[in-house]
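As provided, input-v8.cif (mmCIF, C-alpha atoms and all ligand atoms) reads as follows.
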```cif
data_data
#
loop_
_atom_site.label_atom_id
_atom_site.label_comp_id
_atom_site.auth_asym_id
_atom_site.auth_seq_id
_atom_site.Cartn_x
_atom_site.Cartn_y
_atom_site.Cartn_z
CA MET T 1 -12.44 35.15 -2.00
CA PHE T 2 -13.10 31.85 -3.77
CA ASP T 3 -12.11 33.59 -7.03
CA ALA T 4 -8.53 33.35 -5.83
CA LEU T 5 -8.69 29.58 -6.32
CA ALA T 6 -7.70 27.81 -9.52
CA ARG T 7 -9.74 24.82 -10.66
CA GLN T 8 -7.75 21.64 -9.83
CA PRO T 9 -7.47 18.80 -12.35
CA ASP T 10 -9.72 15.80 -11.73
CA ASP T 11 -8.08 12.60 -10.48
CA PRO T 12 -7.27 10.70 -13.70
CA LEU T 13 -8.16 7.32 -12.13
CA LEU T 14 -11.60 8.60 -11.08
CA ALA T 15 -12.13 9.98 -14.57
CA LEU T 16 -11.23 6.55 -15.96
CA ILE T 17 -13.90 4.91 -13.77
CA GLY T 18 -16.45 7.35 -15.27
CA LEU T 19 -15.41 6.48 -18.82
CA PHE T 20 -15.59 2.75 -18.05
CA ARG T 21 -19.12 3.08 -16.64
CA LYS T 22 -20.32 4.84 -19.77
CA ASP T 23 -18.87 2.16 -22.09
CA GLU T 24 -21.75 -0.14 -23.10
CA ARG T 25 -19.70 -2.89 -24.75
CA PRO T 26 -20.34 -6.24 -23.02
CA GLY T 27 -16.72 -7.45 -22.96
CA LYS T 28 -15.23 -4.32 -21.40
CA VAL T 29 -12.50 -4.86 -18.79
CA ASP T 30 -11.45 -2.44 -16.02
CA LEU T 31 -7.76 -2.82 -15.18
CA GLY T 32 -7.51 0.69 -13.75
CA VAL T 33 -9.36 0.44 -10.49
CA GLY T 34 -7.29 0.24 -7.28
CA VAL T 35 -9.32 -2.32 -5.35
CA TYR T 36 -9.33 -6.13 -5.22
CA ARG T 37 -12.00 -7.84 -7.30
CA ASP T 38 -13.04 -11.49 -7.22
CA GLU T 39 -13.94 -13.88 -10.04
CA THR T 40 -17.39 -12.29 -10.29
CA GLY T 41 -15.96 -8.77 -10.52
CA ARG T 42 -17.05 -7.78 -7.02
CA THR T 43 -14.98 -6.28 -4.21
CA PRO T 44 -16.16 -8.66 -1.49
CA ILE T 45 -16.67 -8.05 2.21
CA PHE T 46 -14.60 -10.68 4.06
CA ARG T 47 -16.70 -13.31 5.88
CA ALA T 48 -14.80 -12.47 9.09
CA VAL T 49 -15.58 -8.77 8.64
CA LYS T 50 -19.31 -9.50 8.37
CA ALA T 51 -19.16 -11.72 11.45
CA ALA T 52 -17.22 -9.10 13.41
CA GLU T 53 -19.67 -6.39 12.37
CA GLN T 54 -22.59 -8.52 13.56
CA ARG T 55 -20.87 -8.98 16.89
CA LEU T 56 -20.17 -5.26 17.18
CA LEU T 57 -23.76 -4.38 16.36
CA GLU T 58 -24.94 -6.55 19.24
CA THR T 59 -22.31 -5.63 21.81
CA GLN T 60 -21.31 -2.02 21.20
CA ASP T 61 -22.91 0.09 23.91
CA THR T 62 -21.59 3.60 23.32
CA LYS T 63 -20.49 5.95 20.59
CA ALA T 64 -18.51 8.19 22.95
CA TYR T 65 -15.13 9.44 21.68
CA VAL T 66 -12.27 6.94 21.59
CA GLY T 67 -9.37 9.47 21.65
CA PRO T 68 -6.71 10.71 19.24
CA GLU T 69 -4.61 7.53 19.56
CA GLY T 70 -7.57 5.38 18.59
CA ASP T 71 -8.24 1.84 19.74
CA LEU T 72 -5.26 0.59 21.76
CA VAL T 73 -6.25 -3.08 21.50
CA PHE T 74 -6.52 -2.74 17.70
CA LEU T 75 -3.04 -1.20 17.68
CA ASP T 76 -1.61 -4.06 19.75
CA HIS T 77 -3.05 -6.75 17.50
CA LEU T 78 -2.12 -4.95 14.30
CA TRP T 79 1.43 -4.41 15.46
CA ARG T 80 1.79 -8.11 16.28
CA LEU T 81 0.62 -8.93 12.73
CA VAL T 82 3.09 -6.48 11.20
CA GLY T 83 6.13 -6.49 13.45
CA GLY T 84 5.79 -9.85 15.21
CA ASP T 85 8.21 -9.92 18.11
CA THR T 86 11.11 -8.23 16.31
CA VAL T 87 11.03 -5.18 18.55
CA GLU T 88 10.22 -4.79 22.22
CA ARG T 89 6.53 -3.83 22.29
CA ASN T 90 6.93 -0.85 24.62
CA HIS T 91 9.49 0.65 22.22
CA VAL T 92 6.75 0.93 19.60
CA ALA T 93 4.44 3.96 19.49
CA GLY T 94 1.19 3.29 17.62
CA VAL T 95 -1.56 5.68 16.62
CA GLN T 96 -4.67 4.62 14.70
CA THR T 97 -5.22 6.66 11.53
CA PRO T 98 -7.84 7.18 8.80
CA GLY T 99 -6.36 4.60 6.40
CA GLY T 100 -2.80 4.24 5.21
CA SER T 101 -3.08 7.73 3.72
CA GLY T 102 -3.70 9.20 7.17
CA ALA T 103 -0.72 7.24 8.48
CA LEU T 104 1.57 8.58 5.74
CA ARG T 105 0.43 12.14 6.39
CA LEU T 106 1.00 11.87 10.15
CA ALA T 107 4.42 10.34 9.46
CA ALA T 108 5.31 13.22 7.14
CA ASP T 109 4.05 15.78 9.69
CA LEU T 110 6.15 14.10 12.39
CA ILE T 111 9.26 14.10 10.18
CA TYR T 112 8.76 17.81 9.53
CA ARG T 113 8.29 18.51 13.23
CA MET T 114 11.53 16.63 14.00
CA GLY T 115 13.41 18.90 11.61
CA GLY T 116 13.56 16.39 8.75
CA ARG T 117 13.20 18.23 5.48
CA LYS T 118 13.86 15.71 2.72
CA ILE T 119 12.34 12.34 1.80
CA TRP T 120 13.74 9.99 -0.84
CA LEU T 121 11.20 8.41 -3.15
CA GLY T 122 11.85 5.75 -5.80
CA LEU T 123 9.83 6.25 -8.98
CA PRO T 124 7.35 5.25 -10.13
CA SER T 125 5.48 5.15 -6.85
CA TRP T 126 1.90 5.39 -5.63
CA PRO T 127 0.85 8.75 -7.16
CA ASN T 128 -0.27 10.10 -3.77
CA HIS T 129 3.09 9.68 -2.02
CA ALA T 130 4.72 12.85 -3.36
CA PRO T 131 1.65 15.12 -2.90
CA VAL T 132 1.12 13.94 0.70
CA PHE T 133 4.77 14.52 1.61
CA LYS T 134 4.81 17.90 -0.13
CA ALA T 135 1.64 18.97 1.66
CA ALA T 136 3.45 18.31 4.94
CA GLY T 137 6.27 20.61 3.84
CA LEU T 138 8.85 17.97 2.91
CA GLU T 139 11.13 18.22 -0.08
CA ILE T 140 11.07 15.15 -2.34
CA ALA T 141 14.27 13.67 -3.76
CA THR T 142 13.54 11.09 -6.41
CA TYR T 143 15.44 8.30 -8.12
CA ASP T 144 14.42 5.69 -10.70
CA PHE T 145 13.41 2.53 -8.86
CA PHE T 146 12.11 0.41 -11.72
CA ASP T 147 12.80 -0.01 -15.42
CA ILE T 148 9.55 -0.72 -17.23
CA PRO T 149 10.91 -2.10 -20.55
CA SER T 150 13.08 -4.70 -18.80
CA GLN T 151 10.65 -5.06 -15.82
CA SER T 152 13.50 -4.89 -13.35
CA VAL T 153 14.13 -3.21 -10.02
CA LEU T 154 17.06 -0.81 -10.42
CA PHE T 155 18.72 -1.82 -7.20
CA ASP T 156 21.95 0.05 -7.98
CA ASN T 157 19.87 3.24 -7.98
CA VAL T 158 18.40 2.40 -4.57
CA VAL T 159 21.92 1.93 -3.21
CA SER T 160 23.25 5.16 -4.72
CA ALA T 161 20.22 7.12 -3.45
CA LEU T 162 20.83 5.83 0.08
CA GLU T 163 24.56 6.51 -0.23
CA GLY T 164 23.84 10.03 -1.46
CA ALA T 165 21.29 10.83 1.27
CA ALA T 166 22.33 12.99 4.21
CA ALA T 167 21.98 11.88 7.82
CA GLY T 168 18.47 12.73 9.01
CA ASP T 169 16.86 12.36 5.58
CA ALA T 170 13.81 10.12 5.40
CA VAL T 171 13.48 7.26 2.90
CA LEU T 172 10.17 5.87 1.69
CA LEU T 173 10.19 2.11 1.21
CA HIS T 174 7.35 -0.16 0.07
CA ALA T 175 7.23 -3.16 2.43
CA SER T 176 6.14 -5.47 -0.40
CA CYS T 177 3.65 -5.56 -3.30
CA HIS T 178 5.14 -2.41 -4.81
CA ASN T 179 2.51 -0.03 -6.19
CA PRO T 180 2.56 0.42 -9.20
CA THR T 181 5.29 -1.96 -10.45
CA GLY T 182 4.94 -5.19 -8.44
CA GLY T 183 8.77 -5.12 -8.32
CA VAL T 184 10.26 -7.32 -5.61
CA LEU T 185 13.24 -6.65 -3.34
CA THR T 186 15.07 -9.86 -2.47
CA GLU T 187 16.14 -10.76 1.06
CA PRO T 188 19.82 -9.86 0.45
CA GLN T 189 18.67 -6.53 -1.02
CA TRP T 190 16.61 -5.80 2.12
CA MET T 191 19.66 -6.62 4.19
CA GLU T 192 21.78 -4.22 2.17
CA ILE T 193 19.14 -1.49 2.46
CA ALA T 194 18.87 -2.01 6.21
CA ALA T 195 22.66 -1.83 6.64
CA LEU T 196 22.89 1.35 4.55
CA VAL T 197 19.98 3.06 6.31
CA ALA T 198 21.59 2.33 9.68
CA GLU T 199 25.08 3.32 8.56
CA ARG T 200 23.95 6.61 6.96
CA GLY T 201 21.64 7.61 9.84
CA LEU T 202 18.52 7.75 7.66
CA LEU T 203 14.93 7.42 8.83
CA PRO T 204 13.00 4.72 6.97
CA LEU T 205 9.27 5.28 6.42
CA VAL T 206 7.89 1.92 5.36
CA ASP T 207 4.53 1.83 3.59
CA LEU T 208 2.67 -1.46 4.17
CA ALA T 209 -0.61 -1.43 2.27
CA TYR T 210 -0.92 -4.97 0.89
CA GLN T 211 0.10 -7.45 3.59
CA GLY T 212 -1.00 -10.91 2.47
CA PHE T 213 -1.35 -9.96 -1.20
CA GLY T 214 2.19 -10.91 -2.25
CA ARG T 215 3.87 -14.04 -0.97
CA GLY T 216 1.86 -14.46 2.23
CA LEU T 217 1.14 -12.70 5.53
CA GLU T 218 4.54 -13.44 7.07
CA GLN T 219 6.65 -13.25 3.92
CA ASP T 220 5.22 -9.83 2.98
CA VAL T 221 6.73 -8.31 6.11
CA SER T 222 9.98 -10.31 6.26
CA GLY T 223 12.09 -7.53 4.70
CA LEU T 224 10.48 -4.95 6.96
CA ARG T 225 11.12 -7.11 10.04
CA HIS T 226 14.74 -7.53 9.07
CA LEU T 227 15.05 -3.76 8.71
CA LEU T 228 13.54 -3.27 12.17
CA THR T 229 16.14 -5.51 13.76
CA VAL T 230 18.94 -3.41 12.26
CA VAL T 231 17.85 0.25 12.39
CA PRO T 232 17.38 2.12 15.68
CA GLU T 233 14.37 4.15 14.50
CA ALA T 234 11.68 3.67 11.85
CA LEU T 235 8.15 4.68 10.92
CA VAL T 236 5.72 2.09 9.58
CA ALA T 237 2.49 3.23 7.88
CA VAL T 238 -0.09 0.45 7.76
CA SER T 239 -3.26 0.35 5.68
CA CYS T 240 -6.03 -2.15 6.45
CA SER T 241 -7.91 -1.15 3.29
CA LYS T 242 -6.84 -4.09 1.13
CA SER T 243 -5.79 -6.75 3.63
CA PHE T 244 -9.17 -6.53 5.41
CA GLY T 245 -11.21 -5.16 2.50
CA LEU T 246 -12.15 -2.14 4.63
CA TYR T 247 -11.40 0.55 2.04
CA ARG T 248 -14.21 2.98 2.85
CA GLU T 249 -13.94 2.48 6.61
CA ARG T 250 -10.60 4.35 6.59
CA THR T 251 -8.60 2.02 8.79
CA GLY T 252 -4.86 2.13 9.36
CA ALA T 253 -2.11 3.01 11.79
CA ILE T 254 1.23 4.74 12.06
CA PHE T 255 3.85 3.03 14.19
CA GLY T 256 7.03 4.68 15.39
CA VAL T 257 9.71 2.14 16.23
CA THR T 258 12.05 3.70 18.75
CA PRO T 259 15.05 2.71 20.89
CA SER T 260 13.35 3.13 24.29
CA THR T 261 10.09 3.27 26.21
CA SER T 262 10.47 6.98 26.86
CA SER T 263 11.22 7.72 23.20
CA ALA T 264 8.13 5.71 22.23
CA ASP T 265 6.07 7.74 24.67
CA THR T 266 7.33 11.01 23.19
CA VAL T 267 6.70 9.86 19.63
CA ARG T 268 3.18 8.68 20.55
CA SER T 269 2.31 11.99 22.18
CA ASN T 270 3.52 13.88 19.11
CA LEU T 271 1.60 11.67 16.68
CA ALA T 272 -1.54 12.03 18.81
CA GLY T 273 -1.02 15.80 18.97
CA LEU T 274 -0.65 16.01 15.19
CA ALA T 275 -3.85 13.99 14.77
CA ARG T 276 -5.62 16.30 17.21
CA THR T 277 -4.85 19.38 15.09
CA SER T 278 -5.95 17.77 11.86
CA TYR T 279 -8.85 15.29 12.09
CA SER T 280 -8.84 15.01 15.90
CA MET T 281 -9.70 11.32 16.13
CA PRO T 282 -9.84 8.42 13.70
CA PRO T 283 -13.14 6.75 12.78
CA ASP T 284 -13.82 3.75 15.02
CA HIS T 285 -15.68 1.14 13.02
CA GLY T 286 -12.96 -0.37 10.80
CA ALA T 287 -10.47 -0.63 13.64
CA ALA T 288 -13.11 -2.22 15.88
CA VAL T 289 -13.70 -4.80 13.13
CA VAL T 290 -9.98 -5.56 12.76
CA ARG T 291 -9.59 -5.78 16.53
CA THR T 292 -12.55 -8.18 16.80
CA ILE T 293 -11.10 -10.40 14.06
CA LEU T 294 -7.52 -10.48 15.31
CA ALA T 295 -8.57 -11.02 18.93
CA ASP T 296 -10.57 -14.12 18.01
CA PRO T 297 -8.49 -17.08 16.80
CA GLU T 298 -11.42 -18.54 14.85
CA LEU T 299 -12.23 -15.28 13.03
CA ALA T 300 -8.53 -14.60 12.47
CA ARG T 301 -8.07 -18.04 10.89
CA ASP T 302 -11.06 -17.52 8.61
CA TRP T 303 -9.83 -14.04 7.60
CA ALA T 304 -6.33 -15.34 6.82
CA GLU T 305 -7.80 -18.20 4.80
CA GLU T 306 -9.98 -15.89 2.70
CA LEU T 307 -7.05 -13.53 2.18
CA GLU T 308 -4.89 -16.44 1.06
CA GLY T 309 -7.57 -17.37 -1.49
CA MET T 310 -7.40 -13.85 -2.90
CA ARG T 311 -3.62 -14.03 -3.06
CA LEU T 312 -3.73 -17.35 -4.89
CA ARG T 313 -6.29 -16.02 -7.37
CA MET T 314 -4.00 -13.09 -8.19
CA SER T 315 -0.95 -15.31 -8.60
CA GLY T 316 -2.91 -17.58 -10.96
CA ILE T 317 -3.86 -14.58 -13.09
CA ARG T 318 -0.24 -13.40 -12.96
CA ARG T 319 1.05 -16.73 -14.27
CA ALA T 320 -1.52 -16.88 -17.09
CA LEU T 321 -0.87 -13.28 -18.15
CA ALA T 322 2.90 -13.73 -18.06
CA ASP T 323 2.67 -16.90 -20.18
CA GLY T 324 0.51 -15.17 -22.77
CA LEU T 325 2.26 -11.81 -22.95
CA ARG T 326 5.85 -13.03 -22.99
CA SER T 327 5.55 -14.03 -26.69
CA ARG T 328 5.07 -10.34 -27.55
CA TRP T 329 7.13 -8.73 -24.76
CA GLN T 330 9.76 -11.12 -23.44
CA SER T 331 10.28 -9.09 -20.27
CA LEU T 332 6.62 -9.54 -19.26
CA GLY T 333 7.41 -13.07 -18.14
CA ALA T 334 8.34 -11.18 -14.95
CA ILE T 335 4.65 -10.52 -14.22
CA SER T 336 4.45 -14.02 -12.73
CA THR T 337 7.14 -13.30 -10.13
CA GLN T 338 5.98 -9.78 -9.32
CA GLU T 339 3.74 -9.27 -6.28
CA GLY T 340 0.49 -7.66 -5.29
CA MET T 341 -2.23 -6.12 -7.38
CA PHE T 342 -0.19 -4.09 -9.83
CA SER T 343 2.22 -4.35 -12.73
CA MET T 344 3.33 -1.76 -15.26
CA LEU T 345 3.15 -2.69 -18.93
CA PRO T 346 5.62 -1.22 -21.44
CA LEU T 347 2.87 0.42 -23.51
CA THR T 348 2.83 3.82 -25.15
CA GLU T 349 -0.04 6.20 -24.32
CA ALA T 350 -1.27 5.61 -27.88
CA GLU T 351 -1.40 1.85 -27.29
CA VAL T 352 -3.25 2.38 -24.00
CA MET T 353 -5.78 4.53 -25.91
CA ARG T 354 -6.16 1.92 -28.65
CA LEU T 355 -6.88 -0.79 -26.10
CA ARG T 356 -9.53 1.48 -24.62
CA THR T 357 -11.23 2.64 -27.80
CA GLU T 358 -10.91 -0.52 -29.93
CA HIS T 359 -11.21 -3.22 -27.27
CA GLY T 360 -12.84 -1.69 -24.15
CA ILE T 361 -9.77 -2.46 -21.99
CA TYR T 362 -9.31 0.36 -19.49
CA MET T 363 -6.07 1.33 -17.74
CA PRO T 364 -4.36 4.63 -16.92
CA GLY T 365 -1.96 6.17 -19.44
CA SER T 366 0.98 4.98 -17.32
CA GLY T 367 0.25 1.36 -18.35
CA ARG T 368 -0.41 0.25 -14.77
CA ILE T 369 -2.74 -2.72 -14.62
CA ASN T 370 -4.63 -4.13 -11.66
CA ILE T 371 -4.20 -7.90 -11.90
CA ALA T 372 -7.30 -8.35 -9.70
CA GLY T 373 -9.39 -6.50 -12.28
CA LEU T 374 -9.26 -9.66 -14.43
CA LYS T 375 -11.45 -12.74 -14.20
CA THR T 376 -9.78 -16.02 -15.16
CA ALA T 377 -12.25 -16.47 -18.01
CA GLU T 378 -11.23 -13.12 -19.53
CA VAL T 379 -7.47 -13.66 -19.52
CA ALA T 380 -7.10 -15.44 -22.89
CA ASP T 381 -9.17 -12.81 -24.69
CA VAL T 382 -7.29 -9.93 -23.04
CA ILE T 383 -3.93 -11.51 -23.96
CA GLN T 384 -5.08 -11.81 -27.57
CA LYS T 385 -6.03 -8.12 -27.64
CA PHE T 386 -2.75 -7.03 -26.08
CA THR T 387 -0.62 -9.12 -28.41
CA SER T 388 -2.52 -7.83 -31.47
CA LEU T 389 -1.29 -4.29 -30.74
N1 LIG T 401 0.11 3.16 0.16
C1 LIG T 401 -0.03 2.53 -1.00
C2 LIG T 401 1.18 2.00 -1.69
C3 LIG T 401 -1.29 2.39 -1.58
O1 LIG T 401 -1.41 1.76 -2.73
C4 LIG T 401 -2.41 2.91 -0.89
C5 LIG T 401 -3.80 2.80 -1.44
N2 LIG T 401 -3.99 2.63 -2.73
C6 LIG T 401 -2.21 3.55 0.32
C7 LIG T 401 -0.93 3.67 0.82
C8 LIG T 401 -3.33 4.19 1.12
O2 LIG T 401 -4.37 3.39 1.41
P1 LIG T 401 -5.66 3.87 2.20
O3 LIG T 401 -6.80 3.66 1.29
O4 LIG T 401 -5.69 2.95 3.39
O5 LIG T 401 -5.49 5.27 2.61
#
```

Show the structure stored in the file as structure tokens.
Amino acid sequence: MFDALARQPDDPLLALIGLFRKDERPGKVDLGVGVYRDETGRTPIFRAVKAAEQRLLETQDTKAYVGPEGDLVFLDHLWRLVGGDTVERNHVAGVQTPGGSGALRLAADLIYRMGGRKIWLGLPSWPNHAPVFKAAGLEIATYDFFDIPSQSVLFDNVVSALEGAAAGDAVLLHASCHNPTGGVLTEPQWMEIAALVAERGLLPLVDLAYQGFGRGLEQDVSGLRHLLTVVPEALVAVSCSKSFGLYRERTGAIFGVTPSTSSADTVRSNLAGLARTSYSMPPDHGAAVVRTILADPELARDWAEELEGMRLRMSGIRRALADGLRSRWQSLGAISTQEGMFSMLPLTEAEVMRLRTEHGIYMPGSGRINIAGLKTAEVADVIQKFTSL
């Protein structure tokens, strides 16, 4: 029976990690990886995470099942961090998921179950968006969101996509820190999107995977919060992988924002039911860590402070890169005002290959770079290698 299967291509980013490992040159630089790195090149465990884990180790007294909805206290705290008090709490249905990926998949399954068949996706986007939505049976309608040569968000395209969408279609939006472009939507643009989504009867699915990595914990959800005050219904997929450094613990949540308590209850029961038929229940540890941090003002303050340090490190690297690269590519001055871990460079595949083979600088063929893959001390050298292309 297995003969009926075709060999699937390897994930290109994982293959890149393998190539980087094998490279023995001392000055090699990995700009491909999708995790935060500090000035020593490590992906650190937050101090507050370590402290919370210690507490859990001492106090946890059972490993009995938690349930398909996950940890309700975690969900309460996480929702407060994301949604603040924009929506009445009992109108929000939350279900803990294995990471942001699990949240996106449950959201797509729910959309399909509701009879939604199409989701609008601006390109480029996180490469897993389309496959996850397709796997749930949704049809993908795409539009160009970002122009790489000019480094600009193509807002007119966003507007015409929303105007062309039919009532009941879903729309994927990045809350902030757009992956892979770093492209920013301004406040007036969020307001226009919110008005259009409401007017056209669309269902927004907002992907929030980098809260705190862009302009700050509150600012990174300000567009999303505005949207939630305008639209009657929305889905919000939250990943704790980056914001809490919990990547491998698979921690996240899907929130359905609804117009009533009874609607929230129905949405919650459907999300829980969908979880039950797929992975049954989410893993506990990461959510228990996030709950412990957010429930303790002292730990929460320390976590936010460490996160802010990471954000500031990335914006410093952004400014230095933008200053150095703008002499060769004027549009790359925009790197300093873009947000989050990623930007897309206007490089050909051949240039990406030359950087790899001649200089040991690794990035995927798309030209996406992870800003956090750079140490401050490496920036000048990397700029010199880029501008010598
Ligand atoms: N959305 C975006 C935009 C992402 O970049 C990622 C992770 N790279 C995710 C969702 C999923 O994150 P997780 O690891 O929590 O599944």

Kindly provide the residues of chain T that approach ligand LIG 401 (chain T) to within 7 Å, each paired with its closest atom pair and their distance in Å to one decimal, based on only C-alpha atoms and all ligand atoms, listed by chain and increasing number, as a Markdown table.
```
| residue | atom | partner | partner_atom | distance |
| --- | --- | --- | --- | --- |
| T:Gly34 | CA | T:LIG401 | N2 | 6.1 |
| T:Pro98 | CA | T:LIG401 | O5 | 6.9 |
| T:Gly99 | CA | T:LIG401 | O4 | 3.5 |
| T:Gly100 | CA | T:LIG401 | O4 | 3.7 |
| T:Ser101 | CA | T:LIG401 | O5 | 3.6 |
| T:Gly102 | CA | T:LIG401 | O5 | 6.3 |
| T:Trp126 | CA | T:LIG401 | C2 | 5.2 |
| T:His174 | CA | T:LIG401 | C2 | 6.8 |
| T:His178 | CA | T:LIG401 | C2 | 6.7 |
| T:Asn179 | CA | T:LIG401 | C2 | 5.1 |
| T:Asp207 | CA | T:LIG401 | N1 | 5.8 |
| T:Leu208 | CA | T:LIG401 | N1 | 6.6 |
| T:Ala209 | CA | T:LIG401 | N1 | 5.1 |
| T:Ser239 | CA | T:LIG401 | O4 | 4.2 |
| T:Cys240 | CA | T:LIG401 | O4 | 6.0 |
| T:Ser241 | CA | T:LIG401 | O4 | 4.7 |
| T:Tyr247 | CA | T:LIG401 | O3 | 5.6 |
| T:Arg250 | CA | T:LIG401 | O4 | 6.0 |
| T:Thr251 | CA | T:LIG401 | O4 | 6.2 |
| T:Gly252 | CA | T:LIG401 | O4 | 6.1 |
```

Measuring between all atoms listed in the file, which one of T:Arg328, T:Arg354, T:His226, T:Arg313 shows the shortest distance to Trp190 in chain T?
T:His226

How many Å separate CA of Leu14 in chain T from CA of Gly122 in chain T?
24.2 Å

Please measure the separation of CA of Trp329 in chain T and CA of Met344 in chain T, giving the value in Å to one decimal.
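CA of Met344 in chain T lies 12.4 Å from CA of Trp329 in chain T.
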
Test item: residues at most 7 Å from range 35-40 of chain T, only C-alpha atoms, excluding those fewer than 6 positions along its chain, as number ranges by chain:
T: 372-373, 375-376

How about saving the chosen residues, C-alpha atoms kept, as an mmCIF file, in the frame of the given file?
```
data_model
loop_
_atom_site.group_PDB
_atom_site.id
_atom_site.type_symbol
_atom_site.label_atom_id
_atom_site.label_comp_id
_atom_site.auth_asym_id
_atom_site.auth_seq_id
_atom_site.Cartn_x
_atom_site.Cartn_y
_atom_site.Cartn_z
ATOM 1 C CA ALA T 372 -7.300 -8.350 -9.700
ATOM 2 C CA GLY T 373 -9.390 -6.500 -12.280
ATOM 3 C CA LYS T 375 -11.450 -12.740 -14.200
ATOM 4 C CA THR T 376 -9.780 -16.020 -15.160
#
```

Who sits within 9 Å of Pro364 in chain T, all atoms listed in the file, same chain under 4 positions skipped, as a PyMOL selection string
chain T and resi 12-13+16+31-32+349+352+368-369

Please, which residues are within 7 Å of (-11.0, 12.9, 19.6) by the file's coordinates, counting only C-alpha atoms, and could they come as a list of chain:residue names?
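Nearby residues: T:Tyr65, T:Val66, T:Gly67, T:Pro68, T:Arg276, T:Ser280, T:Met281.
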
Could you list as a PyMOL selection string every residue that has an atom within 12 Å of (3.5, 13.3, -0.1), using the file's coordinates and counting only C-alpha atoms?
chain T and resi 101-109+111-112+118-121+125-141+172+205

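Pairwise distance (CA of Tyr279 in chain T, CA of Arg113 in chain T) equals 17.5 Å.
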
Just want the 8 Å neighbourhood of Ala322 in chain T, counted on only C-alpha atoms, with same-chain residues fewer than 4 positions away dropped. Output as a ChimeraX atom specification.
/T:318,326,332-336

Skip Arg47 in chain T itself and residues of its chain fewer than 3 positions away, then list as a JSON list (two decimals) with C-alpha atoms, keeping the file's coordinate frame all residues within 12 Å of it, counting all atoms listed in the file.
```json
[["chain", "number", "residue", "atom", "x", "y", "z"],
["T", 44, "PRO", "CA", -16.16, -8.66, -1.49],
["T", 50, "LYS", "CA", -19.31, -9.50, 8.37],
["T", 51, "ALA", "CA", -19.16, -11.72, 11.45],
["T", 52, "ALA", "CA", -17.22, -9.10, 13.41],
["T", 53, "GLU", "CA", -19.67, -6.39, 12.37],
["T", 54, "GLN", "CA", -22.59, -8.52, 13.56],
["T", 244, "PHE", "CA", -9.17, -6.53, 5.41],
["T", 245, "GLY", "CA", -11.21, -5.16, 2.50],
["T", 289, "VAL", "CA", -13.70, -4.80, 13.13],
["T", 293, "ILE", "CA", -11.10, -10.40, 14.06],
["T", 298, "GLU", "CA", -11.42, -18.54, 14.85],
["T", 299, "LEU", "CA", -12.23, -15.28, 13.03],
["T", 300, "ALA", "CA", -8.53, -14.60, 12.47],
["T", 301, "ARG", "CA", -8.07, -18.04, 10.89],
["T", 302, "ASP", "CA", -11.06, -17.52, 8.61],
["T", 303, "TRP", "CA", -9.83, -14.04, 7.60],
["T", 304, "ALA", "CA", -6.33, -15.34, 6.82],
["T", 305, "GLU", "CA", -7.80, -18.20, 4.80],
["T", 306, "GLU", "CA", -9.98, -15.89, 2.70],
["T", 307, "LEU", "CA", -7.05, -13.53, 2.18]]
```

With 8 Å of padding per side, what axis-aligned box (centre and edge lengths, Å, one decimal) covers all the listed atoms of range 74-90 of chain T? Give it as JSON.
```
{"center_x": 2.3, "center_y": -5.4, "center_z": 17.9, "size_x": 33.6, "size_y": 25.1, "size_z": 29.4}
```

Could you check the closest approach to Ser222 in chain T for each of T:Gly286, T:Gly84, T:Pro26, T:Gly360 and tell me which residue wins, using only C-alpha atoms?
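Nearest candidate to Ser222 in chain T out of T:Gly286, T:Gly84, T:Pro26, T:Gly360: T:Gly84.
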
Find the residue from T:Asn370, T:Ser152, T:Asn157, T:Ser388 that sits nearest to Ile317 in chain T; use all atoms listed in the file when measuring.
T:Asn370

Applying 10 Å and only C-alpha atoms, which residues near Asp265 in chain T remain after dropping the ones on its own chain fewer than 6 positions away? List them as a VMD selection string.
chain T and resid 90 to 94 256 258 271

Residue selection dump (C-alpha atoms) as an mmCIF file, in the coordinates of the input:
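Final output, saved to again35.cif:
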```
data_model
loop_
_atom_site.group_PDB
_atom_site.id
_atom_site.type_symbol
_atom_site.label_atom_id
_atom_site.label_comp_id
_atom_site.auth_asym_id
_atom_site.auth_seq_id
_atom_site.Cartn_x
_atom_site.Cartn_y
_atom_site.Cartn_z
ATOM 1 C CA ASN T 90 6.930 -0.850 24.620
ATOM 2 C CA HIS T 91 9.490 0.650 22.220
ATOM 3 C CA VAL T 92 6.750 0.930 19.600
ATOM 4 C CA ALA T 93 4.440 3.960 19.490
ATOM 5 C CA GLY T 94 1.190 3.290 17.620
ATOM 6 C CA GLY T 256 7.030 4.680 15.390
ATOM 7 C CA THR T 258 12.050 3.700 18.750
ATOM 8 C CA LEU T 271 1.600 11.670 16.680
#
```

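The closest residue to Ala377 in chain T, picked from T:Met310, T:Leu19, T:Val29, T:Ala194 and counting all atoms listed in the file, is T:Val29.
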
Pick from T:Pro180, T:Tyr210, T:Ala166, T:Glu192: nearest to Phe146 in chain T, with only C-alpha atoms counted?
T:Pro180

Between T:Asp169, T:Glu358, T:Asp284, T:Asp144, which one has atoms that come closest to Arg25 in chain T, using only C-alpha atoms?
T:Glu358
